[in-house]
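Data block for protein-v6.cif (mmCIF, C-alpha atoms):
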```cif
data_query
#
loop_
_atom_site.group_PDB
_atom_site.id
_atom_site.type_symbol
_atom_site.label_atom_id
_atom_site.label_comp_id
_atom_site.auth_asym_id
_atom_site.auth_seq_id
_atom_site.Cartn_x
_atom_site.Cartn_y
_atom_site.Cartn_z
ATOM 1 C CA MET A 1 -9.952 -3.486 -1.748
ATOM 2 C CA ASN A 2 -11.426 -1.712 -4.732
ATOM 3 C CA ILE A 3 -14.395 0.475 -3.877
ATOM 4 C CA THR A 4 -14.457 2.545 -7.024
ATOM 5 C CA LYS A 5 -18.221 2.097 -7.345
ATOM 6 C CA ILE A 6 -18.696 4.372 -4.340
ATOM 7 C CA LYS A 7 -19.726 7.768 -5.600
ATOM 8 C CA LYS A 8 -21.057 9.217 -2.374
ATOM 9 C CA ARG A 9 -19.903 9.893 1.120
ATOM 10 C CA ILE A 10 -20.465 9.302 4.821
ATOM 11 C CA VAL A 11 -21.149 12.335 6.984
ATOM 12 C CA LEU A 12 -20.195 12.541 10.651
ATOM 13 C CA THR A 13 -22.403 15.149 12.277
ATOM 14 C CA GLY A 14 -24.196 16.125 15.471
ATOM 15 C CA GLY A 15 -24.248 18.933 17.978
ATOM 16 C CA PRO A 16 -21.101 20.702 19.161
ATOM 17 C CA GLY A 17 -19.003 18.705 21.605
ATOM 18 C CA GLY A 18 -19.969 15.219 20.442
ATOM 19 C CA GLY A 19 -16.442 14.110 19.554
ATOM 20 C CA LYS A 20 -16.949 14.065 15.787
ATOM 21 C CA THR A 21 -13.646 15.577 14.728
ATOM 22 C CA THR A 22 -11.545 13.364 17.010
ATOM 23 C CA ALA A 23 -13.545 10.280 16.010
ATOM 24 C CA LEU A 24 -13.136 11.123 12.335
ATOM 25 C CA ASP A 25 -9.361 11.249 12.760
ATOM 26 C CA LEU A 26 -9.306 7.856 14.514
ATOM 27 C CA ILE A 27 -11.621 6.287 11.923
ATOM 28 C CA ARG A 28 -9.454 7.688 9.127
ATOM 29 C CA ARG A 29 -6.395 6.083 10.728
ATOM 30 C CA GLU A 30 -8.225 2.760 11.081
ATOM 31 C CA PHE A 31 -8.995 2.730 7.343
ATOM 32 C CA CYS A 32 -5.689 4.195 6.206
ATOM 33 C CA GLY A 33 -5.651 4.436 2.424
ATOM 34 C CA LYS A 34 -9.348 3.559 2.086
ATOM 35 C CA ILE A 35 -10.830 6.828 3.347
ATOM 36 C CA ALA A 36 -10.292 10.459 2.373
ATOM 37 C CA SER A 37 -11.586 12.892 4.964
ATOM 38 C CA VAL A 38 -13.170 16.299 4.458
ATOM 39 C CA PRO A 39 -12.492 18.888 7.182
ATOM 40 C CA GLU A 40 -15.260 20.978 8.701
ATOM 41 C CA ALA A 41 -15.962 23.919 6.373
ATOM 42 C CA ALA A 42 -17.216 26.213 9.149
ATOM 43 C CA THR A 43 -14.001 25.785 11.138
ATOM 44 C CA MET A 44 -11.964 26.629 8.036
ATOM 45 C CA ILE A 45 -13.930 29.844 7.501
ATOM 46 C CA PHE A 46 -14.028 31.008 11.114
ATOM 47 C CA SER A 47 -10.395 30.170 11.799
ATOM 48 C CA GLY A 48 -9.418 32.034 8.633
ATOM 49 C CA GLY A 49 -10.303 35.463 9.977
ATOM 50 C CA ILE A 50 -14.071 35.643 9.495
ATOM 51 C CA SER A 51 -15.915 36.540 12.713
ATOM 52 C CA ARG A 52 -19.091 34.719 13.691
ATOM 53 C CA ALA A 53 -22.304 36.429 12.580
ATOM 54 C CA MET A 54 -24.039 39.069 14.650
ATOM 55 C CA THR A 55 -27.013 39.716 12.333
ATOM 56 C CA PRO A 56 -29.327 37.455 10.302
ATOM 57 C CA GLU A 57 -28.030 38.827 6.984
ATOM 58 C CA VAL A 58 -24.400 38.129 7.888
ATOM 59 C CA LEU A 59 -25.348 34.705 9.266
ATOM 60 C CA LYS A 60 -27.081 33.837 5.991
ATOM 61 C CA ALA A 61 -24.073 34.982 3.945
ATOM 62 C CA GLN A 62 -21.786 32.875 6.128
ATOM 63 C CA GLN A 63 -23.984 29.816 5.802
ATOM 64 C CA VAL A 64 -24.050 30.161 2.013
ATOM 65 C CA ALA A 65 -20.244 30.255 2.032
ATOM 66 C CA ILE A 66 -20.020 27.245 4.369
ATOM 67 C CA PHE A 67 -22.538 25.278 2.272
ATOM 68 C CA ASN A 68 -20.634 25.912 -0.963
ATOM 69 C CA LEU A 69 -17.234 25.268 0.606
ATOM 70 C CA GLN A 70 -18.483 21.999 2.119
ATOM 71 C CA LYS A 71 -19.708 20.711 -1.229
ATOM 72 C CA ASN A 72 -16.584 21.868 -3.064
ATOM 73 C CA LEU A 73 -14.299 20.219 -0.493
ATOM 74 C CA GLU A 74 -16.232 16.970 -0.878
ATOM 75 C CA ASP A 75 -15.928 17.181 -4.661
ATOM 76 C CA ILE A 76 -12.186 17.921 -4.443
ATOM 77 C CA GLN A 77 -11.638 14.855 -2.271
ATOM 78 C CA ARG A 78 -13.750 12.711 -4.613
ATOM 79 C CA ALA A 79 -11.677 13.835 -7.612
ATOM 80 C CA ALA A 80 -8.371 13.475 -5.760
ATOM 81 C CA HIS A 81 -9.246 10.079 -4.226
ATOM 82 C CA PRO A 82 -11.548 8.253 -6.662
ATOM 83 C CA ASP A 83 -10.952 4.873 -4.994
ATOM 84 C CA CYS A 84 -11.605 6.041 -1.436
ATOM 85 C CA LEU A 85 -14.676 6.459 0.680
ATOM 86 C CA ILE A 86 -15.185 10.142 1.522
ATOM 87 C CA LEU A 87 -15.745 10.757 5.234
ATOM 88 C CA CYS A 88 -17.008 14.259 6.002
ATOM 89 C CA ASP A 89 -16.729 16.277 9.201
ATOM 90 C CA ARG A 90 -20.293 17.625 8.916
ATOM 91 C CA GLY A 91 -22.329 17.737 5.720
ATOM 92 C CA SER A 92 -24.159 20.097 3.417
ATOM 93 C CA LEU A 93 -27.334 20.108 5.522
ATOM 94 C CA ASP A 94 -25.709 21.190 8.787
ATOM 95 C CA GLY A 95 -26.326 24.837 7.890
ATOM 96 C CA LEU A 96 -30.062 24.306 8.393
ATOM 97 C CA ALA A 97 -29.499 24.279 12.167
ATOM 98 C CA TYR A 98 -27.971 27.760 11.960
ATOM 99 C CA TRP A 99 -30.234 29.248 9.294
ATOM 100 C CA PRO A 100 -32.227 32.226 10.683
ATOM 101 C CA GLU A 101 -35.266 31.716 8.446
ATOM 102 C CA SER A 102 -37.369 28.775 7.218
ATOM 103 C CA GLU A 103 -36.080 25.515 5.776
ATOM 104 C CA GLN A 104 -37.701 26.426 2.454
ATOM 105 C CA ASP A 105 -35.799 29.716 2.458
ATOM 106 C CA PHE A 106 -32.560 27.759 3.015
ATOM 107 C CA PHE A 107 -33.222 25.418 0.088
ATOM 108 C CA THR A 108 -34.280 28.286 -2.175
ATOM 109 C CA LYS A 109 -31.136 30.265 -1.325
ATOM 110 C CA MET A 110 -28.907 27.219 -1.868
ATOM 111 C CA ASN A 111 -30.774 26.196 -5.052
ATOM 112 C CA THR A 112 -31.267 22.629 -3.866
ATOM 113 C CA SER A 113 -33.653 20.383 -1.914
ATOM 114 C CA LEU A 114 -33.580 18.152 1.125
ATOM 115 C CA GLU A 115 -33.804 15.097 -1.123
ATOM 116 C CA LEU A 116 -30.840 16.138 -3.286
ATOM 117 C CA GLU A 117 -28.638 16.862 -0.290
ATOM 118 C CA LEU A 118 -29.523 13.636 1.541
ATOM 119 C CA ALA A 119 -28.752 11.709 -1.653
ATOM 120 C CA ARG A 120 -25.136 12.994 -1.572
ATOM 121 C CA TYR A 121 -24.393 10.658 1.331
ATOM 122 C CA ASP A 122 -24.482 6.879 1.721
ATOM 123 C CA ALA A 123 -24.807 7.095 5.492
ATOM 124 C CA VAL A 124 -25.023 9.525 8.381
ATOM 125 C CA ILE A 125 -23.278 8.892 11.697
ATOM 126 C CA PHE A 126 -24.791 11.269 14.236
ATOM 127 C CA PHE A 127 -22.813 11.910 17.425
ATOM 128 C CA GLU A 128 -25.066 13.481 20.037
ATOM 129 C CA THR A 129 -23.504 16.360 21.924
ATOM 130 C CA ALA A 130 -22.028 15.465 25.308
ATOM 131 C CA ALA A 131 -24.103 18.334 26.720
ATOM 132 C CA ARG A 132 -27.174 16.078 26.489
ATOM 133 C CA SER A 133 -25.631 13.928 29.224
ATOM 134 C CA GLY A 134 -24.639 16.946 31.302
ATOM 135 C CA GLU A 135 -20.981 16.765 30.291
ATOM 136 C CA SER A 136 -18.761 19.672 29.352
ATOM 137 C CA ILE A 137 -18.397 20.428 25.642
ATOM 138 C CA LYS A 138 -15.219 22.459 25.928
ATOM 139 C CA SER A 139 -12.875 21.615 23.084
ATOM 140 C CA ASN A 140 -9.554 22.542 21.590
ATOM 141 C CA ASN A 141 -11.362 24.140 18.658
ATOM 142 C CA PRO A 142 -11.128 27.920 19.252
ATOM 143 C CA VAL A 143 -14.017 28.713 16.886
ATOM 144 C CA ARG A 144 -16.463 26.583 18.888
ATOM 145 C CA ASN A 145 -18.036 28.882 21.456
ATOM 146 C CA GLU A 146 -21.514 27.448 22.031
ATOM 147 C CA SER A 147 -22.867 27.067 25.556
ATOM 148 C CA GLU A 148 -24.110 23.658 26.710
ATOM 149 C CA GLN A 149 -27.726 24.782 26.181
ATOM 150 C CA ALA A 150 -26.967 26.110 22.686
ATOM 151 C CA ALA A 151 -25.232 22.812 21.863
ATOM 152 C CA ILE A 152 -28.343 20.879 22.925
ATOM 153 C CA GLU A 153 -30.595 23.087 20.774
ATOM 154 C CA LEU A 154 -28.299 22.721 17.752
ATOM 155 C CA ASP A 155 -28.151 18.973 18.356
ATOM 156 C CA LYS A 156 -31.965 18.748 18.270
ATOM 157 C CA LYS A 157 -32.166 20.773 15.049
ATOM 158 C CA LEU A 158 -29.439 18.718 13.374
ATOM 159 C CA LYS A 159 -31.026 15.432 14.426
ATOM 160 C CA LYS A 160 -34.391 16.534 13.019
ATOM 161 C CA VAL A 161 -32.735 17.193 9.640
ATOM 162 C CA TRP A 162 -30.348 14.249 9.378
ATOM 163 C CA SER A 163 -32.677 11.593 10.856
ATOM 164 C CA GLN A 164 -34.582 11.774 7.565
ATOM 165 C CA HIS A 165 -31.669 9.991 5.865
ATOM 166 C CA PRO A 166 -32.507 6.313 5.169
ATOM 167 C CA ASN A 167 -29.154 5.193 6.660
ATOM 168 C CA PHE A 168 -29.142 7.336 9.816
ATOM 169 C CA ASN A 169 -26.976 5.971 12.633
ATOM 170 C CA LEU A 170 -27.341 7.530 16.073
ATOM 171 C CA VAL A 171 -24.518 7.434 18.610
ATOM 172 C CA GLY A 172 -25.963 8.488 21.960
ATOM 173 C CA SER A 173 -24.247 11.024 24.186
ATOM 174 C CA SER A 174 -24.133 8.574 27.084
ATOM 175 C CA GLU A 175 -21.863 6.172 25.203
ATOM 176 C CA SER A 176 -18.189 6.139 26.095
ATOM 177 C CA PHE A 177 -15.971 7.812 23.524
ATOM 178 C CA ILE A 178 -14.311 4.489 22.656
ATOM 179 C CA ARG A 179 -17.742 2.975 21.965
ATOM 180 C CA LYS A 180 -18.617 5.967 19.796
ATOM 181 C CA VAL A 181 -15.479 5.442 17.726
ATOM 182 C CA MET A 182 -16.091 1.693 17.454
ATOM 183 C CA PHE A 183 -19.670 2.340 16.311
ATOM 184 C CA GLY A 184 -18.326 4.742 13.683
ATOM 185 C CA ILE A 185 -15.819 2.151 12.488
ATOM 186 C CA MET A 186 -18.527 -0.536 12.248
ATOM 187 C CA THR A 187 -20.803 1.811 10.300
ATOM 188 C CA VAL A 188 -18.007 2.626 7.838
ATOM 189 C CA GLU A 189 -17.267 -1.099 7.460
ATOM 190 C CA ASN A 190 -20.944 -1.770 6.740
ATOM 191 C CA VAL A 191 -21.081 0.926 4.061
ATOM 192 C CA ILE A 192 -17.862 -0.315 2.454
ATOM 193 C CA GLY A 193 -19.222 -3.873 2.638
ATOM 194 C CA THR A 194 -22.235 -2.947 0.493
ATOM 195 C CA TYR A 195 -19.831 -2.297 -2.400
ATOM 196 C CA ARG A 196 -17.840 -5.539 -2.253
#
```
Before anything else, please render the file you have as structure tokens.
Amino acid sequence: MNITKIKKRIVLTGGPGGGKTTALDLIRREFCGKIASVPEAATMIFSGGISRAMTPEVLKAQQVAIFNLQKNLEDIQRAAHPDCLILCDRGSLDGLAYWPESEQDFFTKMNTSLELELARYDAVIFFETAARSGESIKSNNPVRNESEQAAIELDKKLKKVWSQHPNFNLVGSSESFIRKVMFGIMTVENVIGTYR
């Protein structure tokens, strides 16, 4: 299948503990050779020796770094895999949920706009955090340390941002993990199908 007309990406996002990273790996395996995945920029930074922020100024500096790394990783994968769909573990707008000041301040600091960032992606698959269904969000990711309540708050903020995308696909927290993955696979198939 030739999907060289695809210039954008699909972002898998949602609150902590929604199963995004595991689902992304399974989806990538399902579409072996047709998808190039982008790892989560924040995990790369925080697992590389940078401690999580304790002050607004440090938090802002970290979010600028994560934003730029995210976009650069996406661009690297696009250049390295021109015939593949790019599937991202989080997207450039995720930092809005962590930003300590206004949305306008975020866009001014990043020298962009909501419209420009939404336009980077063909679709958004939003995995609600398991905390919304009262489930544990403990994971194997050592840099994820949010409480269940913090995960719910981040989930709400992220949903408010990403639901503005015209191809927003919500996967509820009450769904079984297998159903979440199948929904993700169907969404990817639909996006790929628009380019056939």
Residue members of the PyMOL selection byres ((chain A and resi 50-52) around 12) in the file shown, as an mmCIF file with C-alpha atoms, in the coordinates of the input:
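So the final result, stored in result21.cif, reads:
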```
data_model
loop_
_atom_site.group_PDB
_atom_site.id
_atom_site.type_symbol
_atom_site.label_atom_id
_atom_site.label_comp_id
_atom_site.auth_asym_id
_atom_site.auth_seq_id
_atom_site.Cartn_x
_atom_site.Cartn_y
_atom_site.Cartn_z
ATOM 1 C CA ALA A 42 -17.216 26.213 9.149
ATOM 2 C CA THR A 43 -14.001 25.785 11.138
ATOM 3 C CA MET A 44 -11.964 26.629 8.036
ATOM 4 C CA ILE A 45 -13.930 29.844 7.501
ATOM 5 C CA PHE A 46 -14.028 31.008 11.114
ATOM 6 C CA SER A 47 -10.395 30.170 11.799
ATOM 7 C CA GLY A 48 -9.418 32.034 8.633
ATOM 8 C CA GLY A 49 -10.303 35.463 9.977
ATOM 9 C CA ALA A 53 -22.304 36.429 12.580
ATOM 10 C CA MET A 54 -24.039 39.069 14.650
ATOM 11 C CA THR A 55 -27.013 39.716 12.333
ATOM 12 C CA PRO A 56 -29.327 37.455 10.302
ATOM 13 C CA GLU A 57 -28.030 38.827 6.984
ATOM 14 C CA VAL A 58 -24.400 38.129 7.888
ATOM 15 C CA LEU A 59 -25.348 34.705 9.266
ATOM 16 C CA LYS A 60 -27.081 33.837 5.991
ATOM 17 C CA ALA A 61 -24.073 34.982 3.945
ATOM 18 C CA GLN A 62 -21.786 32.875 6.128
ATOM 19 C CA GLN A 63 -23.984 29.816 5.802
ATOM 20 C CA ALA A 65 -20.244 30.255 2.032
ATOM 21 C CA ILE A 66 -20.020 27.245 4.369
ATOM 22 C CA TYR A 98 -27.971 27.760 11.960
ATOM 23 C CA PRO A 142 -11.128 27.920 19.252
ATOM 24 C CA VAL A 143 -14.017 28.713 16.886
ATOM 25 C CA ARG A 144 -16.463 26.583 18.888
ATOM 26 C CA ASN A 145 -18.036 28.882 21.456
ATOM 27 C CA GLU A 146 -21.514 27.448 22.031
#
```
Would you pick out the contacts of Arg28 (chain A) at 12 Å or less, using only C-alpha atoms, so that residues sharing its chain but fewer than 2 positions from it are not included, and give the list as an mmCIF file with C-alpha atoms, in the frame of the given file?
```
data_model
loop_
_atom_site.group_PDB
_atom_site.id
_atom_site.type_symbol
_atom_site.label_atom_id
_atom_site.label_comp_id
_atom_site.auth_asym_id
_atom_site.auth_seq_id
_atom_site.Cartn_x
_atom_site.Cartn_y
_atom_site.Cartn_z
ATOM 1 C CA ILE A 10 -20.465 9.302 4.821
ATOM 2 C CA LEU A 12 -20.195 12.541 10.651
ATOM 3 C CA LYS A 20 -16.949 14.065 15.787
ATOM 4 C CA THR A 21 -13.646 15.577 14.728
ATOM 5 C CA THR A 22 -11.545 13.364 17.010
ATOM 6 C CA ALA A 23 -13.545 10.280 16.010
ATOM 7 C CA LEU A 24 -13.136 11.123 12.335
ATOM 8 C CA ASP A 25 -9.361 11.249 12.760
ATOM 9 C CA LEU A 26 -9.306 7.856 14.514
ATOM 10 C CA GLU A 30 -8.225 2.760 11.081
ATOM 11 C CA PHE A 31 -8.995 2.730 7.343
ATOM 12 C CA CYS A 32 -5.689 4.195 6.206
ATOM 13 C CA GLY A 33 -5.651 4.436 2.424
ATOM 14 C CA LYS A 34 -9.348 3.559 2.086
ATOM 15 C CA ILE A 35 -10.830 6.828 3.347
ATOM 16 C CA ALA A 36 -10.292 10.459 2.373
ATOM 17 C CA SER A 37 -11.586 12.892 4.964
ATOM 18 C CA VAL A 38 -13.170 16.299 4.458
ATOM 19 C CA PRO A 39 -12.492 18.888 7.182
ATOM 20 C CA CYS A 84 -11.605 6.041 -1.436
ATOM 21 C CA LEU A 85 -14.676 6.459 0.680
ATOM 22 C CA ILE A 86 -15.185 10.142 1.522
ATOM 23 C CA LEU A 87 -15.745 10.757 5.234
ATOM 24 C CA CYS A 88 -17.008 14.259 6.002
ATOM 25 C CA ASP A 89 -16.729 16.277 9.201
ATOM 26 C CA VAL A 181 -15.479 5.442 17.726
ATOM 27 C CA GLY A 184 -18.326 4.742 13.683
ATOM 28 C CA ILE A 185 -15.819 2.151 12.488
ATOM 29 C CA VAL A 188 -18.007 2.626 7.838
ATOM 30 C CA GLU A 189 -17.267 -1.099 7.460
#
```
Margin query: So that I can see what lies close to region 110-115 of chain A, please list as a list in words the residues with an atom at most 12 Å from it, counting only C-alpha atoms and leaving out residues fewer than 5 positions away in the same chain.
Written below: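 Within the cut-off, the hits are Lys60, Ala61, Gln63, Val64, Ala65, Ile66, Phe67, Asn68, Lys71, Ser92, Leu93, Asp94, Gly95, Leu96, Trp99, Glu103, Gln104, Asp105, Arg120, Tyr121, Val161, Trp162, Ser163, Gln164, His165 and Pro166 of chain A.
If you look at CA of Arg179 (chain A) and CA of Gly17 (chain A), they are 15.8 Å away from each other.
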Check: Selected by the PyMOL selection byres ((chain A and resi 122-131) around 8) in the shown coordinates: which residues, as a ChimeraX atom specification?
Finding: /A:8-20,119-121,132-137,148-149,151-152,155,159,162,165-174,180,184,187,191
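If you look at CA of Ala41 (chain A) and CA of Gln70 (chain A), they are 5.3 Å away from each other.
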Checklist line | CA of Ile27 (chain A) to CA of Ile178 (chain A), distance in Å rounded to a single decimal | finding: 11.2 Å
If the box runs along x, y and z of the file and leaves 5 Å on each side of region 165-174 of chain A, what are its centre and edge lengths in Å, one decimal, as JSON?
```
{"center_x": -28.3, "center_y": 8.1, "center_z": 16.1, "size_x": 18.4, "size_y": 15.8, "size_z": 31.9}
```
Since the input lacks atoms, please generate N, CA, C and O atoms for region 15-37 of chain A and provide them as a compact mmCIF listing (two decimals), keeping the file's coordinate frame.
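Saved to rebuild_31.txt:
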```
# COMPACT_ATOMS: atom_id res chain seq x y z
N GLY A 15 -24.44 17.67 17.28
CA GLY A 15 -24.25 18.93 17.98
C GLY A 15 -22.81 19.15 18.40
O GLY A 15 -22.01 18.21 18.44
N PRO A 16 -22.46 20.39 18.71
CA PRO A 16 -21.10 20.70 19.16
C PRO A 16 -20.73 19.88 20.40
O PRO A 16 -21.55 19.66 21.28
N GLY A 17 -19.48 19.42 20.43
CA GLY A 17 -19.00 18.70 21.60
C GLY A 17 -19.38 17.24 21.65
O GLY A 17 -19.44 16.64 22.72
N GLY A 18 -19.63 16.64 20.48
CA GLY A 18 -19.97 15.22 20.44
C GLY A 18 -18.78 14.31 20.19
O GLY A 18 -18.88 13.10 20.28
N GLY A 19 -17.64 14.90 19.83
CA GLY A 19 -16.44 14.11 19.55
C GLY A 19 -16.25 13.74 18.10
O GLY A 19 -15.43 12.88 17.77
N LYS A 20 -16.98 14.41 17.21
CA LYS A 20 -16.95 14.06 15.79
C LYS A 20 -15.55 14.17 15.17
O LYS A 20 -15.11 13.27 14.48
N THR A 21 -14.92 15.31 15.40
CA THR A 21 -13.65 15.58 14.73
C THR A 21 -12.57 14.60 15.19
O THR A 21 -11.82 14.05 14.37
N THR A 22 -12.52 14.33 16.49
CA THR A 22 -11.54 13.36 17.01
C THR A 22 -11.87 11.97 16.50
O THR A 22 -10.96 11.23 16.09
N ALA A 23 -13.15 11.60 16.51
CA ALA A 23 -13.54 10.28 16.01
C ALA A 23 -13.21 10.13 14.54
O ALA A 23 -12.72 9.08 14.11
N LEU A 24 -13.44 11.18 13.76
CA LEU A 24 -13.14 11.12 12.34
C LEU A 24 -11.66 10.83 12.12
O LEU A 24 -11.29 10.01 11.28
N ASP A 25 -10.80 11.47 12.90
CA ASP A 25 -9.36 11.25 12.76
C ASP A 25 -9.00 9.80 13.09
O ASP A 25 -8.22 9.17 12.37
N LEU A 26 -9.59 9.25 14.14
CA LEU A 26 -9.31 7.86 14.51
C LEU A 26 -9.85 6.88 13.48
O LEU A 26 -9.20 5.89 13.15
N ILE A 27 -11.04 7.15 12.96
CA ILE A 27 -11.62 6.29 11.92
C ILE A 27 -10.76 6.34 10.67
O ILE A 27 -10.49 5.30 10.04
N ARG A 28 -10.32 7.54 10.31
CA ARG A 28 -9.45 7.69 9.13
C ARG A 28 -8.18 6.86 9.28
O ARG A 28 -7.74 6.20 8.34
N ARG A 29 -7.61 6.87 10.47
CA ARG A 29 -6.40 6.08 10.73
C ARG A 29 -6.68 4.59 10.64
O ARG A 29 -5.85 3.81 10.15
N GLU A 30 -7.85 4.18 11.12
CA GLU A 30 -8.22 2.76 11.08
C GLU A 30 -8.32 2.26 9.64
O GLU A 30 -7.96 1.12 9.34
N PHE A 31 -8.80 3.10 8.75
CA PHE A 31 -8.99 2.73 7.34
C PHE A 31 -7.96 3.41 6.45
O PHE A 31 -8.28 3.83 5.34
N CYS A 32 -6.77 3.51 6.93
CA CYS A 32 -5.69 4.20 6.21
C CYS A 32 -5.64 3.75 4.74
O CYS A 32 -5.58 2.57 4.43
N GLY A 33 -5.71 4.72 3.85
CA GLY A 33 -5.65 4.44 2.42
C GLY A 33 -6.99 4.10 1.79
O GLY A 33 -7.09 4.03 0.57
N LYS A 34 -8.03 3.90 2.61
CA LYS A 34 -9.35 3.56 2.09
C LYS A 34 -10.33 4.71 2.24
O LYS A 34 -11.42 4.67 1.68
N ILE A 35 -9.95 5.69 3.06
CA ILE A 35 -10.83 6.83 3.35
C ILE A 35 -10.08 8.12 3.08
O ILE A 35 -8.91 8.26 3.41
N ALA A 36 -10.79 9.08 2.48
CA ALA A 36 -10.29 10.46 2.37
C ALA A 36 -11.25 11.31 3.19
O ALA A 36 -12.47 11.21 3.03
N SER A 37 -10.71 12.11 4.09
CA SER A 37 -11.59 12.89 4.96
C SER A 37 -11.72 14.32 4.46
O SER A 37 -10.84 14.86 3.80
```
